[in-house]
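See below for final01.csv, which holds CSV, C-alpha atoms.
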chain,number,residue,atom,x,y,z
F,8,MET,CA,-15.8,22.4,-13.1
F,9,GLY,CA,-16.1,18.6,-13.4
F,10,LEU,CA,-18.2,16.6,-15.8
F,11,ARG,CA,-21.6,15.5,-14.5
F,12,HIS,CA,-22.2,11.9,-15.2
F,13,THR,CA,-25.7,10.5,-15.3
F,14,GLU,CA,-24.7,7.0,-16.3
F,15,SER,CA,-23.5,4.3,-14.0
F,16,GLY,CA,-19.8,3.9,-13.2
F,17,ALA,CA,-19.9,0.6,-15.2
F,18,ALA,CA,-21.0,2.5,-18.3
F,19,LEU,CA,-17.8,4.5,-18.2
F,20,LEU,CA,-15.5,1.5,-18.5
F,21,PRO,CA,-15.3,1.4,-22.4
F,22,ARG,CA,-14.2,5.0,-22.3
F,23,ILE,CA,-11.7,4.3,-19.6
F,24,GLU,CA,-10.3,1.4,-21.5
F,25,ARG,CA,-9.9,3.5,-24.7
F,26,ALA,CA,-8.3,6.3,-22.7
F,27,LEU,CA,-5.7,4.2,-21.2
F,28,GLY,CA,-4.9,2.3,-24.4
F,29,ASP,CA,-1.2,1.9,-24.6
F,30,GLY,CA,-0.5,4.9,-22.4
F,31,THR,CA,0.6,3.1,-19.3
F,32,GLY,CA,2.8,0.7,-21.0
F,33,SER,CA,6.2,2.3,-21.2
F,34,GLY,CA,8.5,5.0,-20.1
F,35,ALA,CA,8.5,6.2,-16.5
F,36,GLY,CA,9.6,3.1,-14.7
F,37,GLY,CA,12.5,2.1,-16.8
F,38,GLY,CA,12.4,-0.5,-19.6
F,39,THR,CA,9.7,-1.1,-22.2
F,40,GLY,CA,8.9,-4.8,-21.7
F,41,SER,CA,6.9,-6.6,-24.3
F,42,GLY,CA,3.5,-8.1,-24.9
F,43,THR,CA,0.1,-7.1,-26.2
F,44,GLY,CA,-1.7,-6.3,-22.9
F,45,SER,CA,-5.0,-7.6,-21.7
F,46,ALA,CA,-8.4,-6.6,-20.4
F,47,THR,CA,-10.5,-8.8,-18.1
F,48,ARG,CA,-13.9,-8.3,-16.4
F,49,LEU,CA,-15.2,-9.6,-13.1
F,50,ASP,CA,-18.9,-9.0,-12.4
F,51,GLY,CA,-20.6,-8.9,-9.0
F,52,SER,CA,-24.2,-8.3,-7.9
F,53,ASP,CA,-24.1,-4.5,-8.2
F,54,TRP,CA,-20.5,-3.9,-9.3
F,55,THR,CA,-18.0,-4.8,-12.0
F,56,ARG,CA,-14.2,-4.8,-12.0
F,57,LEU,CA,-12.1,-4.1,-15.1
F,58,THR,CA,-8.4,-5.1,-15.0
F,59,LEU,CA,-6.1,-3.7,-17.6
F,60,ARG,CA,-2.6,-5.0,-18.1
F,61,PRO,CA,-1.0,-2.8,-20.6
F,62,PRO,CA,1.6,-3.8,-23.2
F,63,GLY,CA,5.2,-2.9,-22.4
F,64,GLY,CA,5.2,-3.8,-18.7
F,65,GLY,CA,3.6,-0.7,-17.3
F,66,PRO,CA,1.4,-0.5,-14.2
F,67,ALA,CA,-1.7,-2.6,-14.2
F,68,VAL,CA,-5.0,-0.6,-13.6
F,69,ASP,CA,-8.1,-2.0,-11.9
F,70,VAL,CA,-11.4,-0.1,-12.1
F,71,VAL,CA,-14.2,-1.1,-9.7
F,72,ALA,CA,-17.4,0.6,-10.7
F,73,ASP,CA,-21.0,0.5,-9.4
F,74,THR,CA,-23.5,-0.8,-11.9
F,75,ARG,CA,-26.5,1.1,-10.4
F,76,ARG,CA,-25.4,4.7,-10.0
F,77,PRO,CA,-23.0,7.3,-11.4
F,78,PRO,CA,-19.9,8.1,-9.5
F,79,ARG,CA,-19.5,11.4,-7.7
F,80,GLY,CA,-15.7,11.2,-7.7
F,81,VAL,CA,-12.6,9.0,-8.2
F,82,ALA,CA,-10.3,7.3,-5.7
F,83,TYR,CA,-6.9,6.3,-7.0
F,84,LEU,CA,-5.8,3.4,-4.7
F,85,LEU,CA,-2.1,2.9,-4.3
F,86,PRO,CA,-0.9,-0.4,-2.7
F,87,GLY,CA,2.1,-0.8,-0.4
F,88,GLY,CA,5.5,-2.1,-1.4
F,89,GLY,CA,5.5,-5.6,-2.9
F,90,LEU,CA,1.6,-5.6,-2.9
F,91,ASN,CA,-0.9,-5.0,-5.7
F,92,PHE,CA,-4.4,-3.7,-5.9
F,93,ALA,CA,-6.0,-7.1,-5.4
F,94,ALA,CA,-4.0,-8.0,-2.4
F,95,ASP,CA,-4.1,-4.7,-0.6
F,96,PHE,CA,-7.6,-3.3,-1.4
F,97,PHE,CA,-9.7,-6.2,-2.9
F,98,THR,CA,-9.1,-8.7,-0.1
F,99,PRO,CA,-10.9,-10.4,1.5
F,100,GLY,CA,-14.0,-9.7,-0.6
F,101,GLY,CA,-16.6,-12.4,-0.1
F,102,PRO,CA,-20.4,-12.1,0.2
F,103,GLN,CA,-20.2,-8.9,2.2
F,104,ASP,CA,-17.7,-7.3,-0.2
F,105,HIS,CA,-15.6,-6.4,2.8
F,106,ASN,CA,-12.6,-4.5,1.4
F,107,LEU,CA,-11.5,-0.9,1.0
F,108,ALA,CA,-12.3,-0.8,-2.7
F,109,HIS,CA,-16.0,-1.7,-2.1
F,110,HIS,CA,-16.2,0.5,0.9
F,111,LEU,CA,-15.2,3.5,-1.2
F,112,ARG,CA,-17.5,2.3,-4.1
F,113,HIS,CA,-20.4,2.3,-1.6
F,114,ARG,CA,-19.5,5.9,-0.9
F,115,GLY,CA,-20.2,6.8,-4.5
F,116,LEU,CA,-16.6,6.7,-5.8
F,117,LEU,CA,-15.2,5.1,-8.9
F,118,VAL,CA,-12.2,3.1,-7.7
F,119,VAL,CA,-9.1,3.1,-9.8
F,120,GLY,CA,-6.3,0.9,-8.5
F,121,VAL,CA,-2.8,1.5,-9.9
F,122,THR,CA,-0.5,-1.5,-9.3
F,123,PRO,CA,3.3,-0.8,-9.6
F,124,ARG,CA,4.9,-2.3,-12.7
F,125,GLU,CA,7.2,-4.5,-10.6
F,126,ASP,CA,4.2,-6.7,-9.6
F,127,GLY,CA,4.3,-8.1,-13.2
F,128,ALA,CA,8.1,-8.2,-13.5
F,129,THR,CA,10.9,-10.6,-12.7
F,130,ALA,CA,13.9,-9.5,-10.7
F,131,ALA,CA,15.8,-9.2,-14.0
F,132,GLY,CA,13.3,-6.6,-15.3
F,133,ILE,CA,13.7,-4.3,-12.3
F,134,THR,CA,16.5,-1.7,-12.5
F,135,ALA,CA,18.1,0.9,-10.3
F,136,SER,CA,15.6,3.5,-11.8
F,137,HIS,CA,12.6,1.9,-10.1
F,138,GLY,CA,12.5,4.5,-7.3
F,139,LEU,CA,9.7,6.6,-5.9
F,140,ALA,CA,9.9,9.2,-8.7
F,141,ALA,CA,9.4,6.4,-11.3
F,142,HIS,CA,6.3,5.2,-9.4
F,143,ARG,CA,5.0,8.8,-9.3
F,144,ARG,CA,5.5,9.3,-13.0
F,145,ASP,CA,3.6,6.0,-13.7
F,146,LEU,CA,0.7,7.2,-11.6
F,147,ALA,CA,0.7,10.6,-13.3
F,148,GLU,CA,0.4,8.9,-16.7
F,149,VAL,CA,-2.7,7.1,-15.5
F,150,VAL,CA,-4.3,10.2,-14.0
F,151,ARG,CA,-3.5,12.3,-17.1
F,152,ALA,CA,-5.2,9.7,-19.3
F,153,LEU,CA,-8.3,9.4,-17.2
F,154,ASP,CA,-8.9,12.9,-15.9
F,155,PRO,CA,-10.2,14.4,-19.2
F,156,VAL,CA,-12.5,11.4,-19.7
F,157,LEU,CA,-13.9,11.4,-16.2
F,158,GLY,CA,-13.7,15.1,-15.3
F,159,LEU,CA,-14.5,14.3,-11.6
F,160,PRO,CA,-12.9,15.3,-8.4
F,161,TYR,CA,-10.4,12.8,-7.2
F,162,GLN,CA,-8.3,11.7,-4.3
F,163,TYR,CA,-5.2,9.6,-3.8
F,164,VAL,CA,-5.6,6.8,-1.2
F,165,GLY,CA,-2.4,4.9,-0.4
F,166,HIS,CA,-1.3,2.3,2.1
F,167,SER,CA,2.3,2.1,3.4
F,168,ALA,CA,4.7,2.8,0.5
F,169,GLY,CA,1.6,3.7,-1.5
F,170,ALA,CA,0.7,6.4,1.0
F,171,ALA,CA,4.2,7.9,0.6
F,172,LEU,CA,3.5,7.8,-3.2
F,173,ALA,CA,0.2,9.5,-2.7
F,174,LEU,CA,1.8,12.4,-0.7
F,175,ASP,CA,4.6,12.7,-3.2
F,176,ALA,CA,2.2,12.7,-6.2
F,177,ALA,CA,0.1,15.4,-4.5
F,178,SER,CA,3.1,17.6,-4.1
F,179,PHE,CA,3.4,17.6,-8.0
F,180,ASP,CA,-0.3,17.7,-8.8
F,181,ALA,CA,-1.7,21.2,-9.0
F,182,SER,CA,-5.1,20.2,-10.5
F,183,PRO,CA,-8.1,21.8,-8.8
F,184,ARG,CA,-9.8,18.4,-9.1
F,185,LEU,CA,-7.4,16.8,-6.6
F,186,ARG,CA,-9.4,17.2,-3.4
F,187,ARG,CA,-7.8,14.9,-0.8
F,188,VAL,CA,-5.0,12.6,0.1
F,189,VAL,CA,-5.5,9.6,2.4
F,190,ALA,CA,-2.2,8.4,3.8
F,191,LEU,CA,-2.8,5.1,5.6
F,192,ASP,CA,0.0,3.9,8.0
F,193,THR,CA,3.1,5.4,6.5
F,194,THR,CA,6.1,7.3,7.7
F,195,GLY,CA,7.3,10.8,7.1
F,196,PRO,CA,10.6,12.2,8.4
F,197,TYR,CA,11.8,10.9,11.8
F,198,THR,CA,13.7,13.1,14.3
F,199,GLY,CA,16.5,12.4,16.6
F,200,GLU,CA,17.9,8.9,17.0
F,201,ALA,CA,15.3,7.4,14.6
F,202,ALA,CA,16.4,9.8,11.8
F,203,LEU,CA,20.0,8.6,12.2
F,204,ARG,CA,18.9,5.0,12.1
F,205,ALA,CA,16.9,5.8,8.9
F,206,ALA,CA,20.0,7.3,7.4
F,207,ALA,CA,21.8,4.0,8.0
F,208,THR,CA,18.9,2.1,6.4
F,209,ARG,CA,19.2,4.4,3.3
F,210,ASP,CA,22.9,3.7,3.1
F,211,ALA,CA,22.2,-0.1,3.3
F,212,TYR,CA,19.9,0.1,0.3
F,213,THR,CA,22.3,2.4,-1.5
F,214,ASP,CA,25.0,-0.3,-1.0
F,215,LEU,CA,22.7,-3.0,-2.3
F,216,LEU,CA,22.1,-0.9,-5.5
F,217,ALA,CA,25.8,-0.5,-5.9
F,218,GLN,CA,26.2,-4.3,-5.7
F,219,GLY,CA,23.6,-4.8,-8.4
F,220,THR,CA,20.7,-6.0,-6.1
F,221,TYR,CA,17.8,-4.1,-7.6
F,222,ALA,CA,14.9,-5.9,-6.0
F,223,THR,CA,14.1,-8.3,-3.1
F,224,ASP,CA,11.3,-10.6,-2.2
F,225,PRO,CA,10.3,-10.2,1.5
F,226,GLY,CA,9.0,-13.8,1.3
F,227,LEU,CA,5.8,-13.2,3.2
F,228,ALA,CA,3.6,-15.1,0.7
F,229,ALA,CA,5.7,-18.3,1.0
F,230,LEU,CA,5.9,-17.9,4.8
F,231,ILE,CA,2.1,-17.7,5.2
F,232,ALA,CA,1.4,-20.4,2.7
F,233,GLY,CA,3.6,-22.8,4.6
F,234,ALA,CA,1.8,-21.9,7.9
F,235,VAL,CA,-1.6,-22.7,6.2
F,236,THR,CA,-0.6,-25.9,4.4
F,237,ASP,CA,1.7,-27.5,6.9
F,238,PRO,CA,1.5,-25.6,10.2
F,239,LEU,CA,3.3,-28.0,12.5
F,240,ALA,CA,6.3,-28.7,10.2
F,241,PRO,CA,9.6,-27.3,11.2
F,242,SER,CA,10.7,-24.1,9.5
F,243,PRO,CA,14.3,-23.4,8.6
F,244,VAL,CA,14.5,-20.6,11.2
F,245,PRO,CA,16.1,-21.2,14.6
F,246,TRP,CA,13.7,-20.9,17.6
F,247,LEU,CA,14.7,-18.0,19.8
F,248,PRO,CA,14.5,-19.7,23.2
F,249,ASP,CA,16.8,-22.5,21.9
F,250,PRO,CA,18.5,-21.9,18.5
F,251,ALA,CA,19.2,-25.6,18.2
F,252,LEU,CA,15.5,-26.1,17.6
F,253,ARG,CA,13.3,-24.6,14.8
F,254,PHE,CA,10.1,-22.6,14.8
F,255,THR,CA,7.1,-24.4,13.4
F,256,ARG,CA,5.9,-23.0,10.1
F,257,ALA,CA,2.7,-21.6,11.9
F,258,GLY,CA,4.8,-20.3,14.7
F,259,LEU,CA,7.2,-18.5,12.4
F,260,ALA,CA,4.5,-16.9,10.4
F,261,HIS,CA,2.7,-15.6,13.5
F,262,PHE,CA,5.9,-14.4,15.0
F,263,ALA,CA,6.8,-12.5,11.8
F,264,LEU,CA,3.4,-10.9,11.6
F,265,ILE,CA,3.1,-10.0,15.3
F,266,ARG,CA,6.7,-9.1,16.1
F,267,THR,CA,7.9,-7.7,12.8
F,268,ALA,CA,10.1,-5.2,14.5
F,269,ALA,CA,12.2,-8.0,16.1
F,270,LEU,CA,13.1,-9.5,12.8
F,271,PRO,CA,16.4,-8.9,11.0
F,272,GLY,CA,16.5,-6.7,7.9
F,273,PRO,CA,17.3,-3.1,7.2
F,274,ALA,CA,13.7,-1.8,7.5
F,275,ASN,CA,11.7,-3.9,10.0
F,276,TRP,CA,12.7,-1.6,12.8
F,277,ILE,CA,10.3,1.1,11.5
F,278,TYR,CA,7.3,-0.9,13.0
F,279,THR,CA,6.3,-0.1,16.5
F,280,GLN,CA,5.5,-3.8,16.8
F,281,GLY,CA,4.3,-5.5,13.7
F,282,HIS,CA,2.2,-6.1,10.7
F,283,SER,CA,-0.6,-7.6,12.7
F,284,ALA,CA,-1.8,-7.1,16.3
F,285,GLY,CA,-1.7,-10.2,18.4
F,286,THR,CA,0.0,-12.2,21.1
F,287,TYR,CA,2.9,-14.6,21.0
F,288,ALA,CA,4.1,-16.7,24.0
F,289,PHE,CA,7.0,-19.2,23.8
F,290,GLY,CA,6.3,-22.6,25.2
F,291,ALA,CA,8.6,-25.4,26.4
F,292,ALA,CA,9.1,-26.5,22.8
F,293,PRO,CA,8.3,-24.9,19.4
F,294,ALA,CA,5.1,-26.9,19.0
F,295,GLU,CA,3.9,-25.6,22.3
F,296,ASP,CA,4.2,-21.9,21.5
F,297,ARG,CA,0.9,-20.1,21.8
F,298,PHE,CA,-0.1,-17.3,19.5
F,299,ALA,CA,-3.2,-15.5,18.2
F,300,LEU,CA,-3.9,-12.7,15.8
F,301,ALA,CA,-6.1,-10.0,17.3
F,302,HIS,CA,-7.8,-8.5,14.3
F,303,THR,CA,-7.0,-10.0,10.9
F,304,PRO,CA,-7.4,-13.8,10.6
F,305,LEU,CA,-4.5,-15.8,9.1
F,306,ALA,CA,-6.9,-16.9,6.3
F,307,THR,CA,-7.2,-13.3,5.2
F,308,TRP,CA,-3.4,-12.8,5.3
F,309,HIS,CA,-3.2,-16.0,3.1
F,310,ALA,CA,-5.8,-14.7,0.7
F,311,ALA,CA,-4.0,-11.4,0.4
F,312,THR,CA,-0.5,-12.8,-0.2
F,313,ALA,CA,-1.8,-15.4,-2.6
F,314,ALA,CA,-3.1,-12.6,-4.8
F,315,LEU,CA,0.4,-11.1,-5.2
F,316,GLY,CA,2.2,-11.1,-8.5
F,317,SER,CA,6.0,-11.0,-8.2
F,318,GLY,CA,6.0,-9.7,-4.6
F,319,LEU,CA,9.2,-7.9,-5.4
F,320,VAL,CA,10.1,-4.6,-3.8
F,321,PRO,CA,12.5,-2.4,-5.8
F,322,THR,CA,15.7,-1.5,-3.9
F,323,ALA,CA,15.6,2.0,-5.3
F,324,LEU,CA,12.1,2.5,-3.9
F,325,MET,CA,13.3,1.4,-0.4
F,326,ARG,CA,16.3,3.7,-0.6
F,327,ASP,CA,14.0,6.7,-1.5
F,328,LEU,CA,11.6,5.8,1.3
F,329,ALA,CA,14.5,5.6,3.8
F,330,ALA,CA,15.8,8.9,2.6
F,331,ILE,CA,12.3,10.4,3.4
F,332,TRP,CA,12.4,8.9,6.9
F,333,ALA,CA,15.9,10.3,7.5
F,334,GLY,CA,14.9,13.8,6.4
F,335,ASP,CA,17.5,13.6,3.6
F,336,GLY,CA,16.6,16.3,1.2
F,337,VAL,CA,19.4,15.3,-1.3
F,338,THR,CA,18.6,11.6,-2.0
F,339,TYR,CA,14.9,12.0,-2.0
F,340,ARG,CA,12.5,14.5,-0.4
F,341,ILE,CA,8.7,15.0,-0.6
F,342,ALA,CA,8.0,18.7,-1.1
F,343,TRP,CA,5.6,18.8,1.9
F,344,GLU,CA,5.0,22.6,1.4
F,345,ARG,CA,3.5,21.9,-2.0
F,346,VAL,CA,0.8,19.5,-0.8
F,347,ARG,CA,-2.2,21.7,-1.0
F,348,ALA,CA,-5.1,19.2,-1.0
F,349,GLU,CA,-6.7,18.0,2.2
F,350,VAL,CA,-4.7,15.4,3.9
F,351,VAL,CA,-6.1,12.6,6.2
F,352,TRP,CA,-3.2,10.7,7.7
F,353,VAL,CA,-4.1,7.6,9.7
F,354,ASN,CA,-1.5,5.5,11.3
F,355,THR,CA,-1.8,2.4,13.5
F,356,ALA,CA,-0.3,2.3,17.0
F,357,LEU,CA,1.5,-1.1,16.4
F,358,GLY,CA,2.5,-0.4,12.8
F,359,ARG,CA,4.1,2.9,11.8
F,360,GLY,CA,3.0,4.4,15.1
F,361,ASP,CA,2.7,8.0,16.4
F,362,ARG,CA,5.0,9.7,14.0
F,363,PRO,CA,3.3,12.9,12.9
F,364,ARG,CA,6.3,14.9,11.6
F,365,GLY,CA,5.2,14.6,7.9
F,366,ALA,CA,1.8,16.0,8.7
F,367,GLU,CA,3.4,18.8,10.7
F,368,LEU,CA,5.6,19.7,7.8
F,369,ILE,CA,2.5,20.0,5.5
F,370,ARG,CA,0.8,22.3,8.1
F,371,GLU,CA,4.0,24.4,8.4
F,372,GLY,CA,3.9,24.8,4.6
F,373,GLY,CA,0.6,26.7,5.0
F,374,ASN,CA,-2.0,23.8,4.5
F,375,ASP,CA,-4.2,23.7,7.6
F,376,ARG,CA,-6.5,21.0,6.2
F,377,VAL,CA,-4.4,18.2,7.7
F,378,THR,CA,-5.4,15.6,10.3
F,379,PHE,CA,-3.1,13.0,11.9
F,380,THR,CA,-4.7,10.1,13.8
F,381,VAL,CA,-3.3,7.0,15.4
F,382,VAL,CA,-5.6,3.9,15.7
F,383,PRO,CA,-4.9,2.0,19.0
F,384,GLY,CA,-4.4,-1.7,19.0
F,385,TYR,CA,-4.0,-2.1,15.3
F,386,GLY,CA,-1.0,-3.4,13.2
F,387,HIS,CA,0.1,-2.3,9.8
F,388,GLY,CA,-1.9,-4.8,7.8
F,389,ASP,CA,-4.9,-4.7,10.1
F,390,ALA,CA,-5.7,-1.2,8.8
F,391,VAL,CA,-6.8,-2.7,5.5
F,392,TRP,CA,-7.7,-6.3,6.3
F,393,SER,CA,-9.4,-6.4,9.7
F,394,PRO,CA,-13.1,-7.3,9.7
F,395,ALA,CA,-13.6,-4.2,12.0
F,396,ALA,CA,-11.4,-1.9,9.9
F,397,ALA,CA,-14.5,-0.2,8.3
F,398,ALA,CA,-15.6,1.0,11.8
F,399,ASP,CA,-12.2,1.4,13.4
F,400,VAL,CA,-10.1,2.9,10.6
F,401,TRP,CA,-12.0,3.7,7.4
F,402,SER,CA,-14.6,5.7,9.2
F,403,LEU,CA,-11.8,8.2,9.9
F,404,PHE,CA,-11.7,9.1,6.2

Have the structure of the file written as structure tokens, please.
Amino acid sequence: MGLRHTESGAALLPRIERALGDGTGSGAGGGTGSGTGSATRLDGSDWTRLTLRPPGGGPAVDVVADTRRPPRGVAYLLPGGGLNFAADFFTPGGPQDHNLAHHLRHRGLLVVGVTPREDGATAAGITASHGLAAHRRDLAEVVRALDPVLGLPYQYVGHSAGAALALDAASFDASPRLRRVVALDTTGPYTGEAALRAAATRDAYTDLLAQGTYATDPGLAALIAGAVTDPLAPSPVPWLPDPALRFTRAGLAHFALIRTAALPGPANWIYTQGHSAGTYAFGAAPAEDRFALAHTPLATWHAATAALGSGLVPTALMRDLAAIWAGDGVTYRIAWERVRAEVVWVNTALGRGDRPRGAELIREGGNDRVTFTVVPGYGHGDAVWSPAAAADVWSLF
């Protein structure tokens, strides 16, 4: 039985702040950090947002609460690799409050965003221990602190790497109050040739760890900022039709968003096409390239990436994700058979694509409350940032 709250979600915030206290500030992710922590409030017309940055460098926690009515449940929002709550789930915002956090708030849920500790770290503060298990333990600390206070049914809602974290956390969480997992555009085990390629990706990240490279910055924030501030300036990247020339900054940003799978790097191949749906046609010269984003405007991509903290992605996290893709049960494995909550898995056709094996493994473990859906015409980031995502994607969960 859960607690029945008769007060608004906003009225719960002082108790939430006391419950978290110092509890998310150390331990699971490796290192203790320093500082005194902070709490800030942002108020809207019928909502309020509390941001807690704990001492010790732990995960930041954002709570978005309705000021008019009590919550009927809790949604823990888990952002993708290199992202944070604000970038992934509180963008673009604006007068219509169009983002996933407000969408879930309107459904009567108290939104609790858990941002990985690397968002507030420097590269020197990230170690080889910052893998998926450390992220799961950080999340579990937050849930353990809040669950006795809230006493409400809850769900894990994750995007990209955050969705893998949601599934992994659910495999360890036996609470009867965990009702649902929403996995938004993520990848379970591949089969065949793709599994072999994933194993090579795992090995590449393992080698980086051995060399002392514990985190990388994908560079998307700087790439998009350059496209916005000086779109026609030449980038440092050779133009594919003639490598003696250079992409413009706007051209390179659009190419990277639309044709992510064509970019170098150990993990870009996992996208069917890219981060964002759109078209890109080469012209006679770089300045004559023609490109357009189909769903998410560049201004929204800019707002999201401008909200990032460090933007760093731990190498150990990528190694563990690649092990999951490879079906490697030794390096890292999600215990699919232990996921007992309802699972709503929604992928995008141009992002992680029609790869249902993870959902199939959950069903094979005896959980028949699993759906797997692919949204046509959408890219990886469109699932959270497209103006039409509420109708095309979020309506599915």

* Asked: How many Å separate CA of Ala311 in chain F from CA of Phe92 in chain F?
  -> 10.0 Å

* **All residues 9 Å or closer to range 300-309 of chain F, only C-alpha atoms, same chain fewer than 2 positions away omitted, as a PyMOL selection string** => chain F and resi 98-99+228+231-232+234-235+261+264-265+283-287+298+311-314+384-386+388-389+392-396

* Would you list the contacts of Ala18 in chain F as a PyMOL selection string, taking every protein, DNA or RNA residue within 12 Å and counting only C-alpha atoms, but skipping same-chain residues closer than 2 positions in sequence? => chain F and resi 12-16+20-24+54-57+70-78+117+157

* Determine, counting only C-alpha atoms, every residue of protein, DNA or RNA that lies within 10 Å of (4.3, 9.2, -4.4) in the file coordinates, then give the result as a PyMOL selection string. => chain F and resi 85+138-147+163+165+168-179+328+341

* **Atom-to-atom span, CA of Leu19 in chain F and CA of Gly115 in chain F, Å** =>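 According to the coordinates, CA of Leu19 in chain F and CA of Gly115 in chain F are separated by 14.1 Å.
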
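Proximity ranking of F:Ser242, F:Thr122, F:Thr355, F:Thr198 relative to Arg256 in chain F places F:Ser242 first, based on all atoms listed in the file.
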
* Asked: What does the distance between CA of Tyr278 in chain F and CA of Met325 in chain F come to in Å, to one decimal place?
  -> 14.9 Å

Spatial neighbours of Thr380 in chain F, max dist 8 Å, all atoms listed in the file, sep filter under 6 positions, as a PDB file with C-alpha atoms, keeping the file's coordinate frame:
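Output saved as out-v3.pdb:
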ATOM      1  CA  TRP F 352      -3.200  10.700   7.700  1.00  0.00           C
ATOM      2  CA  VAL F 353      -4.100   7.600   9.700  1.00  0.00           C
ATOM      3  CA  ASN F 354      -1.500   5.500  11.300  1.00  0.00           C
TER       4      ASN F 354
END

* To do: List every protein, DNA or RNA residue that has at least one atom no more than 9 Å from (-3.2, -5.0, -11.2) in the file's coordinates, counting all atoms listed in the file, and write the result as an NGL selection string.
  => :F and (58-60 or 66-69 or 91-93 or 120-124 or 126-127 or 316)

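By all atoms listed in the file, and with residues fewer than 3 positions from Asp154 in chain F along its chain excluded, the set lying at most 12 Å from it is Gly9, Leu10, Arg22, Ile23, Ala26, Leu27, Gly80, Val81, Ala82, Tyr83, Val119, Leu146, Ala147, Glu148, Val149, Val150, Arg151, Leu157, Gly158, Leu159, Pro160, Tyr161, Gln162, Ser182, Pro183, Arg184 and Leu185 of chain F.
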
* To do: Find, counting only C-alpha atoms, the residue in F:Leu403, F:Ala207, F:Val350, F:Leu252 that gets nearest to Asp335 in chain F.
  =>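 Of F:Leu403, F:Ala207, F:Val350, F:Leu252, the one nearest Asp335 in chain F, counting only C-alpha atoms, is F:Ala207.
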
Within 6 Å of Val164 in chain F, counting all atoms listed in the file, which residues show up once you throw out same-chain ones fewer than 5 positions away? Write them as a JSON list (two decimals) with C-alpha atoms, in the frame of the given file, please.
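As a result, result22.json now contains:
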[["chain", "number", "residue", "atom", "x", "y", "z"],
["F", 83, "TYR", "CA", -6.90, 6.30, -7.00],
["F", 84, "LEU", "CA", -5.80, 3.40, -4.70],
["F", 188, "VAL", "CA", -5.00, 12.60, 0.10],
["F", 189, "VAL", "CA", -5.50, 9.60, 2.40]]

* **Shortest interatomic distance to Asp95 in chain F - which of F:His166, F:His110, F:Arg25, F:His387, counting only C-alpha atoms** =>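 Of the candidates, the smallest distance to Asp95 in chain F is held by F:His166.
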